[in-house]
Every structure is written in C-alpha cells, then in structure tokens.
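Asks: Dropping the structure in here first, questions after.
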Amino acid sequence: MMNLARVLAAAVLASAALIVPATSAQAAPTTVVEPHCGEWVDYNSNENRRMKSWLCFYDSGDGGVYPVLWTECGWLALFGIGWEKPPNGCRIWEPSYYEITFPDGTKTRDKTFPGASGSNTANSTAETYPCQPGDWRIHSYYGVQMKDVLGNWGSSVSATHEVTVSVSCP
C-alpha cells in the first residue's frame with residue numbers, strides 16, 4: 001500500500017512539471033517546462049518599499065511563447081509591522097526593457113513590456129515569439145512606481161533580473 005502511495009505521489013509531481021496548454025487547430029501547442037518563472041523581492045534604498053516580481057514564459061496556444069512581467073508593490077506598515085499595498089496604487093514603469101536570447105543564439109533588440117497598473121499588482125504581457133525548442137533566456141530591467149497618500153507618483157523600486165526556461169515544441 002505504501003509503494004502505491006509513493007508511485008501515485010511521484011506521478012502527480014511528474015505531471016505537475018509540465019504546463020499543459022490548450023490545443024489549437026492552427027498549430028501544435030508549445031510545452032513550457034517548469035520552472036517557467038523567476039521570482040524576486042527587491043527594495044528601495046530605505047527598505048520601506050518593495051517590489052515582488054516574476055519574469056515568466058507562457059504558451060500562446062498557437063505554437064508560440066510569450067514573456068510576462070508580474071509585479072506586486074508594498075509599503076512597510078506604520079512602525080515596521082508587516083507590508084501593506086500602496087494607498088493609491090502602483091504601476092509598472094514605461095518603458096521596462098527586456099531582451100530574449102533564443103535557443104539558436106539570436107536575440108531580440110530594444111523590446112519593452114507595456115505599462116500596466118493596479119491597486120498593488122500589475123502584469124504586462126509582451127509580444128509572442130515562434131517556438132524554438134531549448135533554453136530561452138530573458139534579461140530584463142524593470143521597475144514599479146507607487147502613489148503616495150496625496151495621489152502623487154513617487155516611491156519606486158527597480159531591478160535587473162534574468163531567468164532561463166526550457167521550452168519544447170511538439
């Protein structure tokens with residue numbers, strides 16, 4: 001009985017290692033292999049503002065792959081007790097730059113994530129690229145700005161990060 005439980009647990013973990021995309025009549029779906037995101041936490045120089053961020057690759061469902069920048073903004077709460085969302089929202093800087101190195105060694109040039117905003121989270125989806133099997137690397141400089149209690153854009157956090165994701169194209 002214990003071996004059956006281990007086999008089932010291993011099967012669940014193995015199946016969770018792949019993102020199974022929706023199928024498309026136009027092209028074979030792409031499989032992005034975990035981990036498909038890099039995750040970071042960065043702070044401003046006073047360490048009273050933070051940006052959680054994720055650089056990810058996703059399957060477009062039509063034979064392509066596209067990068068996404070996810071962000072979450074935070075202010076250190078009064079007396080330094082935990083983190084809260086900014087009082088009047090946050091936004092991804094425009095422009096937030098990225099460069100992709102494809103498996104064949106070619107690179108994108110001068111690409112940007114579109115601006116996006118929200119109460120404390122924002123995500124920005126870039127253009128879709130044709131699938132190439134192998135390791136995709138995204139190198140990105142990006143940041144967020146937060147509104148203060150008066151509604152003025154002010155506090156900001158920025159970072160440069162890179163993630164490599166293995167992609168297969170069935």
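Ligands are numbered from 1 in the order shown, residues from 1 within each chain, and chains are lettered A, B, ... in the order they appear in the structure tokens.
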If DSSP is run on the backbone, what residues of chain A are helix (DSSP H, G or I)? A reply as a CSV table (one decimal) with N, CA, C and O atoms, in the first residue's frame would be ideal.
Replies:
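What follows is the written file states-v1.csv:
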```
chain,number,residue,atom,x,y,z
A,2,MET,N,2.0,1.2,0.8
A,2,MET,CA,2.9,2.4,0.9
A,2,MET,C,3.5,2.6,-0.5
A,2,MET,O,3.7,3.8,-0.9
A,3,ASN,N,3.9,1.6,-1.2
A,3,ASN,CA,4.5,1.7,-2.5
A,3,ASN,C,3.6,2.4,-3.5
A,3,ASN,O,4.0,3.2,-4.3
A,4,LEU,N,2.3,2.0,-3.5
A,4,LEU,CA,1.3,2.5,-4.4
A,4,LEU,C,1.1,4.0,-4.1
A,4,LEU,O,1.1,4.8,-5.0
A,5,ALA,N,1.2,4.4,-2.8
A,5,ALA,CA,1.1,5.9,-2.5
A,5,ALA,C,2.3,6.6,-3.0
A,5,ALA,O,2.1,7.7,-3.6
A,6,ARG,N,3.5,6.0,-2.9
A,6,ARG,CA,4.7,6.7,-3.5
A,6,ARG,C,4.6,6.8,-5.0
A,6,ARG,O,5.0,7.8,-5.5
A,7,VAL,N,4.1,5.8,-5.7
A,7,VAL,CA,4.0,5.8,-7.1
A,7,VAL,C,3.0,6.9,-7.5
A,7,VAL,O,3.3,7.7,-8.5
A,8,LEU,N,1.9,7.0,-6.9
A,8,LEU,CA,0.9,8.0,-7.2
A,8,LEU,C,1.4,9.4,-6.9
A,8,LEU,O,1.2,10.3,-7.7
A,9,ALA,N,2.1,9.6,-5.8
A,9,ALA,CA,2.7,10.9,-5.5
A,9,ALA,C,3.7,11.3,-6.5
A,9,ALA,O,3.8,12.4,-7.0
A,10,ALA,N,4.6,10.3,-7.0
A,10,ALA,CA,5.6,10.6,-8.0
A,10,ALA,C,4.9,11.0,-9.3
A,10,ALA,O,5.3,11.9,-10.0
A,11,ALA,N,3.8,10.3,-9.7
A,11,ALA,CA,3.1,10.6,-10.9
A,11,ALA,C,2.5,12.0,-10.9
A,11,ALA,O,2.5,12.7,-11.8
A,12,VAL,N,1.9,12.4,-9.7
A,12,VAL,CA,1.3,13.7,-9.6
A,12,VAL,C,2.4,14.8,-9.7
A,12,VAL,O,2.3,15.8,-10.4
A,13,LEU,N,3.6,14.6,-9.1
A,13,LEU,CA,4.7,15.5,-9.2
A,13,LEU,C,5.2,15.6,-10.6
A,13,LEU,O,5.5,16.7,-11.1
A,14,ALA,N,5.3,14.5,-11.3
A,14,ALA,CA,5.8,14.5,-12.7
A,14,ALA,C,4.9,15.2,-13.6
A,14,ALA,O,5.3,16.0,-14.5
A,15,SER,N,3.6,15.0,-13.4
A,15,SER,CA,2.6,15.7,-14.3
A,15,SER,C,2.5,17.2,-14.0
A,15,SER,O,2.2,18.0,-14.8
A,16,ALA,N,2.8,17.6,-12.7
A,16,ALA,CA,2.8,19.0,-12.4
A,16,ALA,C,4.0,19.7,-13.0
A,16,ALA,O,4.1,20.9,-13.0
A,78,LEU,N,3.1,51.1,9.2
A,78,LEU,CA,3.5,52.0,10.3
A,78,LEU,C,4.2,51.2,11.4
A,78,LEU,O,3.7,50.1,11.7
A,79,PHE,N,5.2,51.7,11.9
A,79,PHE,CA,6.1,51.1,12.9
A,79,PHE,C,6.7,49.8,12.5
A,79,PHE,O,7.2,49.0,13.3
A,80,GLY,N,6.8,49.6,11.1
A,80,GLY,CA,7.5,48.5,10.6
A,80,GLY,C,6.9,47.1,10.8
A,80,GLY,O,7.5,46.1,10.8
```
Asks: Have a look at A:Ser140, A:Thr101, A:Ser124, A:Thr106 and name the one nearest to His161 of chain A; count only C-alpha atoms.
Replies: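 Of the candidates, the smallest distance to His161 of chain A is held by A:Ser140.
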Asks: Excluding Ser96 of chain A and any residue of its chain fewer than 6 positions from it, enumerate the residues within 6 Å of it, using only C-alpha atoms, and give them as a PDB file with N, CA, C and O atoms, in the first residue's frame.
Replies:
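Writing the result to out_37.pdb gives the following:
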```pdb
ATOM      1  N   THR A 112      10.204  46.171 -25.128  1.00  0.00           N
ATOM      2  CA  THR A 112       9.680  46.699 -23.870  1.00  0.00           C
ATOM      3  C   THR A 112       8.387  46.003 -23.473  1.00  0.00           C
ATOM      4  O   THR A 112       7.608  45.580 -24.327  1.00  0.00           O
ATOM      5  N   PHE A 113       8.183  45.898 -22.160  1.00  0.00           N
ATOM      6  CA  PHE A 113       6.895  45.473 -21.639  1.00  0.00           C
ATOM      7  C   PHE A 113       5.986  46.699 -21.619  1.00  0.00           C
ATOM      8  O   PHE A 113       6.422  47.769 -21.198  1.00  0.00           O
ATOM      9  N   TYR A 141      15.342  44.775 -17.368  1.00  0.00           N
ATOM     10  CA  TYR A 141      15.430  45.891 -16.423  1.00  0.00           C
ATOM     11  C   TYR A 141      14.029  46.481 -16.334  1.00  0.00           C
ATOM     12  O   TYR A 141      13.451  46.870 -17.356  1.00  0.00           O
ATOM     13  N   TYR A 142      13.470  46.509 -15.145  1.00  0.00           N
ATOM     14  CA  TYR A 142      12.098  46.985 -14.966  1.00  0.00           C
ATOM     15  C   TYR A 142      11.938  47.575 -13.584  1.00  0.00           C
ATOM     16  O   TYR A 142      12.818  47.468 -12.723  1.00  0.00           O
TER      17      TYR A 142
END
```
Asks: Neighbouring residues of segment 151-153 of chain A were defined as those with any atom within 12 Å, considering only C-alpha atoms; residues of the same chain fewer than 4 positions away were excluded. Please report them as number ranges by chain.
Replies: A: 86-93, 117, 144-147
Asks: Could you work out how far atom CA of Ile138 of chain A lies from atom CA of Ser166 of chain A, giving the answer in Å with one decimal?
Replies: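 Those two atoms sit 11.6 Å apart.
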Asks: Work out how far apart atom CA of Ala116 of chain A and atom CA of Tyr97 of chain A are and give it in Å to one decimal.
Replies: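 These two atoms are separated by 13.7 Å.
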Asks: Just the residues within 12 Å of Val41 of chain A, please, counting only C-alpha atoms, with nothing from its chain fewer than 5 positions along; format it as a PDB file with N, CA and C atoms, in the first residue's frame.
Replies:
```
ATOM      1  N   GLU A  47      14.597  50.647   2.223  1.00  0.00           N
ATOM      2  CA  GLU A  47      13.968  49.357   2.530  1.00  0.00           C
ATOM      3  C   GLU A  47      12.572  49.502   3.137  1.00  0.00           C
ATOM      4  N   ARG A  49       9.963  50.305   0.854  1.00  0.00           N
ATOM      5  CA  ARG A  49       9.117  49.998  -0.300  1.00  0.00           C
ATOM      6  C   ARG A  49       9.685  48.731  -0.925  1.00  0.00           C
ATOM      7  N   ARG A  50       8.800  47.871  -1.421  1.00  0.00           N
ATOM      8  CA  ARG A  50       9.297  46.646  -2.029  1.00  0.00           C
ATOM      9  C   ARG A  50       8.530  46.331  -3.304  1.00  0.00           C
ATOM     10  N   MET A  51       9.194  45.546  -4.134  1.00  0.00           N
ATOM     11  CA  MET A  51       8.595  45.047  -5.365  1.00  0.00           C
ATOM     12  C   MET A  51       8.858  43.544  -5.405  1.00  0.00           C
ATOM     13  N   LYS A  52       7.789  42.773  -5.406  1.00  0.00           N
ATOM     14  CA  LYS A  52       7.906  41.359  -5.706  1.00  0.00           C
ATOM     15  C   LYS A  52       7.695  41.259  -7.202  1.00  0.00           C
ATOM     16  N   SER A  53       8.473  40.428  -7.869  1.00  0.00           N
ATOM     17  CA  SER A  53       8.315  40.340  -9.320  1.00  0.00           C
ATOM     18  C   SER A  53       8.581  38.925  -9.804  1.00  0.00           C
ATOM     19  N   TRP A  54       7.956  38.616 -10.932  1.00  0.00           N
ATOM     20  CA  TRP A  54       8.097  37.335 -11.581  1.00  0.00           C
ATOM     21  C   TRP A  54       8.276  37.595 -13.070  1.00  0.00           C
ATOM     22  N   LEU A  55       9.336  37.039 -13.662  1.00  0.00           N
ATOM     23  CA  LEU A  55       9.523  37.034 -15.118  1.00  0.00           C
ATOM     24  C   LEU A  55       9.193  35.625 -15.574  1.00  0.00           C
ATOM     25  N   TRP A  70       5.167  40.081 -14.025  1.00  0.00           N
ATOM     26  CA  TRP A  70       4.173  40.239 -12.950  1.00  0.00           C
ATOM     27  C   TRP A  70       4.837  41.017 -11.825  1.00  0.00           C
ATOM     28  N   THR A  71       4.119  41.965 -11.223  1.00  0.00           N
ATOM     29  CA  THR A  71       4.681  42.719 -10.105  1.00  0.00           C
ATOM     30  C   THR A  71       3.654  42.860  -8.983  1.00  0.00           C
ATOM     31  N   GLU A  72       4.178  43.035  -7.783  1.00  0.00           N
ATOM     32  CA  GLU A  72       3.359  43.323  -6.610  1.00  0.00           C
ATOM     33  C   GLU A  72       4.100  44.375  -5.796  1.00  0.00           C
ATOM     34  N   CYS A  73       3.434  45.485  -5.489  1.00  0.00           N
ATOM     35  CA  CYS A  73       4.040  46.589  -4.751  1.00  0.00           C
ATOM     36  C   CYS A  73       3.675  46.508  -3.278  1.00  0.00           C
ATOM     37  N   GLY A  74       4.567  47.016  -2.420  1.00  0.00           N
ATOM     38  CA  GLY A  74       4.276  47.039  -0.994  1.00  0.00           C
ATOM     39  C   GLY A  74       4.966  48.186  -0.279  1.00  0.00           C
ATOM     40  N   GLY A 143      10.797  48.199 -13.369  1.00  0.00           N
ATOM     41  CA  GLY A 143      10.536  48.772 -12.058  1.00  0.00           C
ATOM     42  C   GLY A 143       9.077  49.120 -11.889  1.00  0.00           C
ATOM     43  N   VAL A 157      10.821  51.314  -7.077  1.00  0.00           N
ATOM     44  CA  VAL A 157      11.770  50.224  -6.880  1.00  0.00           C
ATOM     45  C   VAL A 157      12.064  49.678  -8.265  1.00  0.00           C
ATOM     46  N   SER A 158      13.335  49.429  -8.557  1.00  0.00           N
ATOM     47  CA  SER A 158      13.692  48.867  -9.860  1.00  0.00           C
ATOM     48  C   SER A 158      14.717  47.756  -9.677  1.00  0.00           C
ATOM     49  N   ALA A 159      14.868  46.942 -10.712  1.00  0.00           N
ATOM     50  CA  ALA A 159      15.791  45.810 -10.634  1.00  0.00           C
ATOM     51  C   ALA A 159      16.144  45.322 -12.032  1.00  0.00           C
ATOM     52  N   THR A 160      17.220  44.574 -12.110  1.00  0.00           N
ATOM     53  CA  THR A 160      17.601  43.857 -13.314  1.00  0.00           C
ATOM     54  C   THR A 160      17.661  42.386 -12.942  1.00  0.00           C
ATOM     55  N   HIS A 161      16.921  41.572 -13.690  1.00  0.00           N
ATOM     56  CA  HIS A 161      16.900  40.137 -13.405  1.00  0.00           C
ATOM     57  C   HIS A 161      16.927  39.345 -14.703  1.00  0.00           C
TER      58      HIS A 161
END
```
Asks: If you count only C-alpha atoms, which residues fall within 9 Å of Ala126 of chain A, apart from same-chain ones fewer than 4 positions away, as a short mmCIF file (atom, residue, chain, number, x, y, z; two decimals) with all heavy atoms, in the first residue's frame?
Replies:
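Printed below is around-v6.cif as written:
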```cif
data_model
loop_
_atom_site.label_atom_id
_atom_site.label_comp_id
_atom_site.auth_asym_id
_atom_site.auth_seq_id
_atom_site.Cartn_x
_atom_site.Cartn_y
_atom_site.Cartn_z
N TYR A 66 5.40 33.56 -25.10
CA TYR A 66 5.46 34.99 -24.81
C TYR A 66 5.91 35.23 -23.36
O TYR A 66 5.59 34.46 -22.47
CB TYR A 66 4.13 35.68 -25.08
CG TYR A 66 2.98 35.21 -24.23
CD1 TYR A 66 2.65 35.87 -23.04
CD2 TYR A 66 2.21 34.11 -24.60
CE1 TYR A 66 1.59 35.44 -22.26
CE2 TYR A 66 1.15 33.68 -23.83
CZ TYR A 66 0.85 34.34 -22.66
OH TYR A 66 -0.19 33.91 -21.89
N PRO A 67 6.67 36.32 -23.15
CA PRO A 67 7.10 36.66 -21.80
C PRO A 67 6.07 37.54 -21.09
O PRO A 67 5.35 38.31 -21.72
CB PRO A 67 8.40 37.44 -22.03
CG PRO A 67 8.25 38.04 -23.37
CD PRO A 67 7.37 37.11 -24.16
N VAL A 68 6.02 37.39 -19.76
CA VAL A 68 5.13 38.18 -18.92
C VAL A 68 5.92 38.69 -17.73
O VAL A 68 6.72 37.96 -17.15
CB VAL A 68 3.93 37.35 -18.42
CG1 VAL A 68 3.05 38.15 -17.47
CG2 VAL A 68 3.09 36.84 -19.58
N LEU A 69 5.69 39.94 -17.36
CA LEU A 69 6.24 40.53 -16.16
C LEU A 69 5.09 40.73 -15.18
O LEU A 69 4.13 41.44 -15.49
CB LEU A 69 6.91 41.88 -16.48
CG LEU A 69 7.33 42.74 -15.28
CD1 LEU A 69 8.36 42.01 -14.42
CD2 LEU A 69 7.85 44.08 -15.76
N LYS A 111 13.30 45.72 -26.88
CA LYS A 111 11.92 45.32 -26.60
C LYS A 111 11.48 45.87 -25.25
O LYS A 111 12.30 46.03 -24.34
CB LYS A 111 11.78 43.79 -26.60
CG LYS A 111 12.09 43.17 -27.94
CD LYS A 111 11.09 43.63 -28.97
CE LYS A 111 11.33 42.98 -30.32
NZ LYS A 111 10.30 43.30 -31.28
N THR A 112 10.20 46.17 -25.13
CA THR A 112 9.68 46.70 -23.87
C THR A 112 8.39 46.00 -23.47
O THR A 112 7.61 45.58 -24.33
CB THR A 112 9.39 48.22 -23.97
OG1 THR A 112 8.46 48.45 -25.01
CG2 THR A 112 10.66 49.00 -24.22
N PHE A 113 8.18 45.90 -22.16
CA PHE A 113 6.90 45.47 -21.64
C PHE A 113 5.99 46.70 -21.62
O PHE A 113 6.42 47.77 -21.20
CB PHE A 113 7.03 44.95 -20.20
CG PHE A 113 7.65 43.60 -20.09
CD1 PHE A 113 8.95 43.44 -19.64
CD2 PHE A 113 6.92 42.47 -20.41
CE1 PHE A 113 9.51 42.17 -19.51
CE2 PHE A 113 7.47 41.20 -20.30
CZ PHE A 113 8.77 41.06 -19.85
N PRO A 114 4.74 46.56 -22.05
CA PRO A 114 3.81 47.69 -21.97
C PRO A 114 3.56 48.07 -20.50
O PRO A 114 3.62 47.21 -19.62
CB PRO A 114 2.53 47.15 -22.60
CG PRO A 114 2.95 45.96 -23.40
CD PRO A 114 4.15 45.41 -22.71
#
```
Asks: Which residues come within 8 Å of Thr164 of chain A, counting only C-alpha atoms, excluding same-chain residues fewer than 3 positions away, as a list in words?
Replies: Asp135, Trp136, Arg137 and Ile138 of chain A
Asks: Work out how far atom CA of Asp42 of chain A is from atom CA of Glu99 of chain A, in Å to one decimal.
Replies: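 Taking atom CA of Glu99 of chain A and atom CA of Asp42 of chain A, their separation equals 20.2 Å.
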Asks: Between A:Tyr58, A:Gly134, A:Lys85, A:His139, which has the minimum distance to Gly118 of chain A (counting only C-alpha atoms)?
Replies: A:Lys85
